[in-house]
Amino acid sequence: MGVKGFVEGGIASIIAGCTTHPLDLIKVRMQLQGETHAPNPNPNAAVQAVRPAYAAVHTTAARRVSIPLPPPPPPAARAGPISVGVRIIQQEGVAAMFSGVSATMLRQTLYSTTRMGLYDILKQKWTDPTTHNMPLPSKITAGLIAGAIGAAVGNPADVAMVRMQADGRLPVAERRNYKSVVDAIARMGKQEGVTSLWRGSSLTINRAMLVTASQLASYDQIKETILDNGLMRDGLGTHVTASFAAGFVASVASNPVDVIKTRIMNMKVEAGAEPPYSGALDCALKTVRSEGPLALYKGFVPTISRQGPFTVVLFVTLEQVRKLLKDF
């Protein structure tokens, strides 16, 4: 019972994660749009632009010649998911859509395998032997526990994945250029300390608890409701319907935490300099103050676009894997 649940969940999660990776990359890039601490490719540009006018005024003081400065450029319009995807392909190539896929595979191996396996164990223990159903509060509790433990185990891969996905938006001179997830984790540990591998772990755990509780619990609950009321048979149609609904619930519940988590994990901390964010609350407050409350739902369209297919692939694959491993 125990090991089998981990194997089934791990296989389904890895397939789902790799299949929907480009959508997750677009989501991360959109969540970082408008970030006030985004790196400036040439921080001295403004100073250099002023110097010619400043020099002209003093070297030709008799004629009092001055060169007017051009007006500052308007803020860039927020790009949608399709625009972001097209821009990534144009600027970085098609292969860039799979930047960080090795980290995704490791993350799913650690995080999702753990949470799916633990949820299955708790589900078996807490299911009523007479009705063969588990009450919704028990499902939510099982999801919260499984998500928290899974996130703690998989946080290093999560940090590596976010950084590898976001690297292409940095100026060329400032890119980290991780070769693989192993290289990313090794360099972070060496350059920033081992604790950097668990940067944003509190947010990762909170998000994982929300996602696992809403995703797994709602899938089981919706599936049971459909079958108990005879709306559909236990087959592909039921699995797709229940999983897509579960993906929507998980997206709504987790998006604000996901935005903050992405920004904290991606922030670049220079030696001797104050970090852009001192913590999750500070990041949330600065984001809301500078970009408005709806910024916490930035990237929601790609989130649901990714979470929907991911959840469908996850549970449809899981149901098929269960059938294949039924006799083992």
# chains A, B, ... in the order shown; residues from 1 in each chain; ligands from 1
$ closest_atom_pairs --of "range 199-224 of chain A" --to "range 88-112 of chain A" --cutoff "12 Å" --atoms "only C-alpha atoms" --output "tab-separated table"
residue	atom	partner	partner_atom	distance
A:Thr204	CA	A:Tyr111	CA	10.5
A:Ile205	CA	A:Tyr111	CA	10.4
A:Ala208	CA	A:Tyr111	CA	9.0
A:Met209	CA	A:Tyr111	CA	11.6
A:Val211	CA	A:Ser112	CA	11.0
A:Thr212	CA	A:Ser112	CA	9.3
A:Leu216	CA	A:Ser112	CA	11.5
$ closest_residue --among "A:Lys125, A:Thr262, A:Arg207, A:Thr113" --to "Ile15 in chain A" --atoms "only C-alpha atoms"
A:Thr113
$ residues_around --residues "Arg263 in chain A" --least-positions-apart "4" --cutoff "7 Å" --atoms "only C-alpha atoms" --output "list of chain:residue names"
A:Leu32, A:Val259, A:Met267
$ atom_distance --atom1 "CA of Ala242 in chain A" --atom2 "CA of Phe328 in chain A"
26.4 Å
$ closest_atom_pairs --of "range 169-285 of chain A" --to "range 134-137 of chain A" --cutoff "9 Å" --atoms "only C-alpha atoms" --output "CSV"
residue,atom,partner,partner_atom,distance
A:Ala217,CA,A:Leu136,CA,7.0
A:Ser218,CA,A:Leu136,CA,8.4
A:Asp220,CA,A:Leu136,CA,8.9
A:Gln221,CA,A:Leu136,CA,6.9
$ write_last_selection --atoms "all heavy atoms" --output "PDB file, in the first residue's frame"
ATOM      1  N   ALA A 217      -8.069  16.879  -2.552  1.00  0.00           N
ATOM      2  CA  ALA A 217      -9.345  16.739  -1.846  1.00  0.00           C
ATOM      3  C   ALA A 217     -10.523  17.036  -2.772  1.00  0.00           C
ATOM      4  O   ALA A 217     -11.526  16.312  -2.771  1.00  0.00           O
ATOM      5  CB  ALA A 217      -9.379  17.666  -0.632  1.00  0.00           C
ATOM      6  N   SER A 218     -10.417  18.097  -3.577  1.00  0.00           N
ATOM      7  CA  SER A 218     -11.529  18.444  -4.464  1.00  0.00           C
ATOM      8  C   SER A 218     -11.686  17.406  -5.572  1.00  0.00           C
ATOM      9  O   SER A 218     -12.823  17.094  -5.975  1.00  0.00           O
ATOM     10  CB  SER A 218     -11.331  19.840  -5.068  1.00  0.00           C
ATOM     11  OG  SER A 218     -10.136  19.905  -5.817  1.00  0.00           O
ATOM     12  N   ASP A 220     -11.043  14.116  -5.372  1.00  0.00           N
ATOM     13  CA  ASP A 220     -11.724  12.971  -4.775  1.00  0.00           C
ATOM     14  C   ASP A 220     -13.191  13.277  -4.491  1.00  0.00           C
ATOM     15  O   ASP A 220     -14.075  12.451  -4.736  1.00  0.00           O
ATOM     16  CB  ASP A 220     -11.016  12.553  -3.484  1.00  0.00           C
ATOM     17  CG  ASP A 220      -9.742  11.757  -3.745  1.00  0.00           C
ATOM     18  OD1 ASP A 220      -9.584  11.275  -4.885  1.00  0.00           O
ATOM     19  OD2 ASP A 220      -8.924  11.612  -2.818  1.00  0.00           O
ATOM     20  N   GLN A 221     -13.454  14.489  -3.956  1.00  0.00           N
ATOM     21  CA  GLN A 221     -14.817  14.853  -3.591  1.00  0.00           C
ATOM     22  C   GLN A 221     -15.705  14.978  -4.819  1.00  0.00           C
ATOM     23  O   GLN A 221     -16.849  14.481  -4.836  1.00  0.00           O
ATOM     24  CB  GLN A 221     -14.807  16.164  -2.802  1.00  0.00           C
ATOM     25  CG  GLN A 221     -16.134  16.523  -2.163  1.00  0.00           C
ATOM     26  CD  GLN A 221     -16.525  15.579  -1.042  1.00  0.00           C
ATOM     27  OE1 GLN A 221     -15.663  14.995  -0.386  1.00  0.00           O
ATOM     28  NE2 GLN A 221     -17.825  15.406  -0.828  1.00  0.00           N
TER      29      GLN A 221
END
$ closest_residue --among "A:Thr225, A:Ser305, A:Gln31, A:Gln191" --to "Pro256 in chain A" --atoms "only C-alpha atoms"
A:Gln31
$ atom_distance --atom1 "CA of His132 in chain A" --atom2 "CA of Asp234 in chain A"
15.4 Å
$ select_by_dssp --residues "range 73-181 of chain A" --states "helix (DSSP H, G or I)" --output "count of residues only"
81
$ closest_residue --among "A:Gly168, A:Gly189, A:Pro129, A:Gly17" --to "Pro156 in chain A" --atoms "only C-alpha atoms"
A:Gly189
